[in-house]
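What follows is a set of notes on a single structure, which appears directly below.
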Amino acid sequence: MSLTQNVEELLHFLERPKPAKKLSVVVMPDFFLDRLVTYEGNLNHFSKAMAEVAERKGGSIHGIKQLELRGGNAANTTAALATLGAKVYPIISTSLLGLHLLKFYLDPFEVDLSHVKTGDKMSLTTAIELTHQGQRVNVMMSDLGSLSEFGLDHLTPEDFQLLREADYVCIFHWAGTQRWGTQLAEGVFDYVRKKGKGKTYYDTSDPTPKKEEVPRLVKEVLLGKLVDIFSVNENEAFCYASQLNENVDSLQKKMNLDELARECARILAKNLLARVDLHTTTFAGSFTSNSEVTVPAFNVPVLRATGAGDAWNAGNLFGDALGLPDRRRLTLANAVAAYYISSPDGEHPTLPKLIDFCSKQLSKIKN
């Protein structure tokens, strides 16, 4: 099915009246204050500019666009979901200053921040966006702050009540919960399985900062029948598939990145009970042991890379909650991400704005 048909079907659905009941989502556990550094050049130019400054014993590079903004997978997904109309409950680890900043960033979306935990230190990231091999990429350097020690012991009886009642319970940024990440995911998802009514949604983000722990994560969480929806990008799919199939490394030499991502998603789906949802820069797909659906991404100007996966996860969750068939759900997720990455202000779409965006994209595709 073509992108035109996918968008037409999605628009037809989105323009119909929706149920009055709001989707209820718990998201965990990270908020970062992000400093986004946008370098208008490629990696080689950046390396050369840095080396020139170092050679003169330090100095400045002027004219570099910078922005401080809300960061962290859980916080970003919260904003995107709330903008679409969901009721979101972040269980997030930050500092007192971080809580004040969260109120600044999330109060306009009417997010319940009563479950946020405050420790000694806020999480901070400097993200450098530049061009590499023709694509916009981001390199993130993070100070994890209090997040690194966040675990099950930080959850209160009120938090566990939320876990029981939510439609979805989502955990992100496994490597950032440096000490207790695997135990946190295993404990929370097992509790939801036994006591809750909702689905479990897992996106670990980049696992490589804690790669020595990946085998344990795969064994205890991914193979533990605890995850309903497992969201991965190309690199994450490769990392986890290589733990389950010894031939994955050799495939890297034979396939391009998109082909490799598809094959890794298939391997994951054959070994896990979870539905594997893959998002890449060119397409998105859903994979189970007996089905596979992929849809192309929208062709939009890419004004930012940081946060694109979080926007995609929000759209994917929203589409799943609406009961959309895979093709429409993936198209919705791609549309939410495309709106965000092409927005001059880094804005997430409301439902009416998403409908307008899809209508404009449909006209553009047809012409």
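In the structure tokens, chains take the letters A, B, ... in the order shown, each chain's residues start at 1, and ligands count up from 1 in the order shown.
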
So that I can check the secondary structure, give me every residue of stretch 181-306 of chain A assigned strand (DSSP E) by backbone DSSP, as number ranges by chain. A: 199-203, 229-232, 275-279, 283-288, 291-296

Would you list the contacts of A:Ser2 as a ChimeraX atom specification, taking every protein, DNA or RNA residue within 12 Å and counting only C-alpha atoms, but skipping same-chain residues closer than 4 positions in sequence? /A:6-9,294-298,327-328,331,362,365-366

Extract, using only C-alpha atoms, all DNA, RNA and protein residues at most 7 Å from A:Gly307, discarding same-chain residues fewer than 3 positions from it, and format them as a list in words. Asn76, Asp310 and Ala311 of chain A

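Among the candidate residues A:Asp167, A:Glu236, A:Glu149, A:Asp249, the one lying nearest to A:Val214 is A:Glu236, with distances computed using only C-alpha atoms.
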
Give the helix (DSSP H, G or I) residues of stretch 184-336 of chain A, as assigned by DSSP on the backbone, as a PDB file with C-alpha atoms, in the first residue's frame.
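For reference, states-v5.pdb as written:
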```pdb
ATOM      1  CA  LEU A 184      13.474  -1.457  37.635  1.00  0.00           C
ATOM      2  CA  ALA A 185      12.133  -2.705  34.306  1.00  0.00           C
ATOM      3  CA  GLU A 186      11.713  -6.273  35.546  1.00  0.00           C
ATOM      4  CA  GLY A 187       9.999  -5.217  38.783  1.00  0.00           C
ATOM      5  CA  VAL A 188       7.644  -2.644  37.273  1.00  0.00           C
ATOM      6  CA  PHE A 189       6.612  -4.724  34.275  1.00  0.00           C
ATOM      7  CA  ASP A 190       6.142  -7.868  36.399  1.00  0.00           C
ATOM      8  CA  TYR A 191       3.915  -5.871  38.778  1.00  0.00           C
ATOM      9  CA  VAL A 192       1.820  -4.532  35.885  1.00  0.00           C
ATOM     10  CA  ARG A 193       1.504  -8.055  34.469  1.00  0.00           C
ATOM     11  CA  LYS A 194       0.224  -9.428  37.787  1.00  0.00           C
ATOM     12  CA  LYS A 195      -1.728  -6.496  39.241  1.00  0.00           C
ATOM     13  CA  THR A 208      25.863   0.848  24.490  1.00  0.00           C
ATOM     14  CA  PRO A 209      26.906   2.961  27.533  1.00  0.00           C
ATOM     15  CA  LYS A 210      26.083  -0.137  29.616  1.00  0.00           C
ATOM     16  CA  LYS A 211      26.756  -2.825  27.016  1.00  0.00           C
ATOM     17  CA  GLU A 212      28.252  -5.268  29.521  1.00  0.00           C
ATOM     18  CA  GLU A 213      24.803  -5.518  31.139  1.00  0.00           C
ATOM     19  CA  VAL A 214      22.910  -6.115  27.868  1.00  0.00           C
ATOM     20  CA  PRO A 215      22.925  -9.967  28.115  1.00  0.00           C
ATOM     21  CA  ARG A 216      21.287  -9.756  31.535  1.00  0.00           C
ATOM     22  CA  LEU A 217      18.672  -7.285  30.289  1.00  0.00           C
ATOM     23  CA  VAL A 218      17.823  -9.586  27.381  1.00  0.00           C
ATOM     24  CA  LYS A 219      17.546 -12.643  29.626  1.00  0.00           C
ATOM     25  CA  GLU A 220      15.608 -11.135  32.530  1.00  0.00           C
ATOM     26  CA  VAL A 221      13.359  -8.598  30.811  1.00  0.00           C
ATOM     27  CA  LEU A 222      13.107  -9.106  27.046  1.00  0.00           C
ATOM     28  CA  GLU A 234      18.187   0.558  13.848  1.00  0.00           C
ATOM     29  CA  ASN A 235      21.128   0.405  16.264  1.00  0.00           C
ATOM     30  CA  GLU A 236      19.074  -0.932  19.177  1.00  0.00           C
ATOM     31  CA  ALA A 237      17.545  -3.638  16.979  1.00  0.00           C
ATOM     32  CA  PHE A 238      21.044  -4.723  15.931  1.00  0.00           C
ATOM     33  CA  CYS A 239      22.357  -4.721  19.507  1.00  0.00           C
ATOM     34  CA  TYR A 240      19.591  -6.932  20.884  1.00  0.00           C
ATOM     35  CA  ALA A 241      19.295  -9.211  17.855  1.00  0.00           C
ATOM     36  CA  SER A 242      23.023  -9.945  18.081  1.00  0.00           C
ATOM     37  CA  GLN A 243      22.362 -11.353  21.569  1.00  0.00           C
ATOM     38  CA  LEU A 244      19.805 -13.787  20.161  1.00  0.00           C
ATOM     39  CA  VAL A 248      23.826 -11.046  13.039  1.00  0.00           C
ATOM     40  CA  ASP A 249      27.389  -9.711  12.998  1.00  0.00           C
ATOM     41  CA  SER A 250      28.054 -11.296   9.615  1.00  0.00           C
ATOM     42  CA  LEU A 251      24.847  -9.768   8.194  1.00  0.00           C
ATOM     43  CA  LEU A 257      21.369  -0.300   7.217  1.00  0.00           C
ATOM     44  CA  ASP A 258      17.652  -0.519   6.360  1.00  0.00           C
ATOM     45  CA  GLU A 259      17.866  -4.180   5.313  1.00  0.00           C
ATOM     46  CA  LEU A 260      19.856  -5.009   8.446  1.00  0.00           C
ATOM     47  CA  ALA A 261      17.315  -3.212  10.665  1.00  0.00           C
ATOM     48  CA  ARG A 262      14.448  -5.201   9.140  1.00  0.00           C
ATOM     49  CA  GLU A 263      16.257  -8.494   9.568  1.00  0.00           C
ATOM     50  CA  CYS A 264      17.177  -7.696  13.168  1.00  0.00           C
ATOM     51  CA  ALA A 265      13.549  -6.783  13.925  1.00  0.00           C
ATOM     52  CA  ARG A 266      12.475 -10.139  12.462  1.00  0.00           C
ATOM     53  CA  ILE A 267      14.970 -11.954  14.684  1.00  0.00           C
ATOM     54  CA  LEU A 268      13.681 -10.112  17.748  1.00  0.00           C
ATOM     55  CA  ALA A 269      10.065 -10.885  16.869  1.00  0.00           C
ATOM     56  CA  LYS A 270      10.816 -14.594  16.467  1.00  0.00           C
ATOM     57  CA  ASN A 271      12.440 -14.774  19.888  1.00  0.00           C
ATOM     58  CA  ALA A 308      12.410  12.443  17.169  1.00  0.00           C
ATOM     59  CA  GLY A 309      12.180   8.949  18.663  1.00  0.00           C
ATOM     60  CA  ASP A 310      10.238  10.265  21.658  1.00  0.00           C
ATOM     61  CA  ALA A 311       7.692  11.932  19.369  1.00  0.00           C
ATOM     62  CA  TRP A 312       7.441   8.694  17.390  1.00  0.00           C
ATOM     63  CA  ASN A 313       6.813   6.665  20.556  1.00  0.00           C
ATOM     64  CA  ALA A 314       4.034   9.050  21.582  1.00  0.00           C
ATOM     65  CA  GLY A 315       2.332   8.668  18.217  1.00  0.00           C
ATOM     66  CA  ASN A 316       2.794   4.902  18.312  1.00  0.00           C
ATOM     67  CA  LEU A 317       1.248   4.665  21.788  1.00  0.00           C
ATOM     68  CA  PHE A 318      -1.618   6.945  20.814  1.00  0.00           C
ATOM     69  CA  GLY A 319      -2.347   4.914  17.692  1.00  0.00           C
ATOM     70  CA  ASP A 320      -2.215   1.666  19.627  1.00  0.00           C
ATOM     71  CA  ALA A 321      -4.662   3.036  22.207  1.00  0.00           C
ATOM     72  CA  ASP A 326      -0.628  -1.591  12.136  1.00  0.00           C
ATOM     73  CA  ARG A 327      -0.363   0.372   8.898  1.00  0.00           C
ATOM     74  CA  ARG A 328      -2.430   3.306  10.147  1.00  0.00           C
ATOM     75  CA  ARG A 329      -0.782   3.264  13.570  1.00  0.00           C
ATOM     76  CA  LEU A 330       2.703   3.406  12.060  1.00  0.00           C
ATOM     77  CA  THR A 331       1.652   6.177   9.689  1.00  0.00           C
ATOM     78  CA  LEU A 332       0.308   8.147  12.661  1.00  0.00           C
ATOM     79  CA  ALA A 333       3.561   7.642  14.582  1.00  0.00           C
ATOM     80  CA  ASN A 334       5.576   8.751  11.540  1.00  0.00           C
ATOM     81  CA  ALA A 335       3.342  11.817  11.172  1.00  0.00           C
ATOM     82  CA  VAL A 336       3.800  12.868  14.825  1.00  0.00           C
TER      83      VAL A 336
END
```

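With only C-alpha atoms as the atoms that count, the residue of A:Glu292, A:Glu246, A:Glu15, A:Asp277 with the shortest distance to A:Tyr202 is A:Asp277.
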
Write out as a PyMOL selection string which residues come within 8 Å of A:Leu96 when counting only C-alpha atoms, dropping same-chain ones fewer than 3 positions away. chain A and resi 99-100+118-120

Keeping C-alpha atoms, export the residues of the selection given above as a PDB file, in the first residue's frame.
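Generated output (out_13.pdb):
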```pdb
ATOM      1  CA  LEU A  99      11.080  19.834  39.305  1.00  0.00           C
ATOM      2  CA  HIS A 100      10.716  23.603  38.890  1.00  0.00           C
ATOM      3  CA  THR A 118      13.641  14.837  43.809  1.00  0.00           C
ATOM      4  CA  GLY A 119      17.233  13.897  44.612  1.00  0.00           C
ATOM      5  CA  ASP A 120      20.473  15.831  44.880  1.00  0.00           C
TER       6      ASP A 120
END
```

Nearest candidate to A:Leu162 (options A:Asp356, A:Asp34, A:Glu347, A:Asp112; using only C-alpha atoms): A:Asp112

Would you mind telling me which residue in A:Phe32, A:Tyr168, A:Trp174, A:Tyr89 lies nearest to A:Glu68 when using only C-alpha atoms? A:Phe32

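If you look at atom CA of A:Thr38 and atom CA of A:Lys65, they are 5.4 Å away from each other.
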
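Coordinates place atom CA of A:Pro90 at a distance of 23.0 Å from atom CA of A:Leu36.
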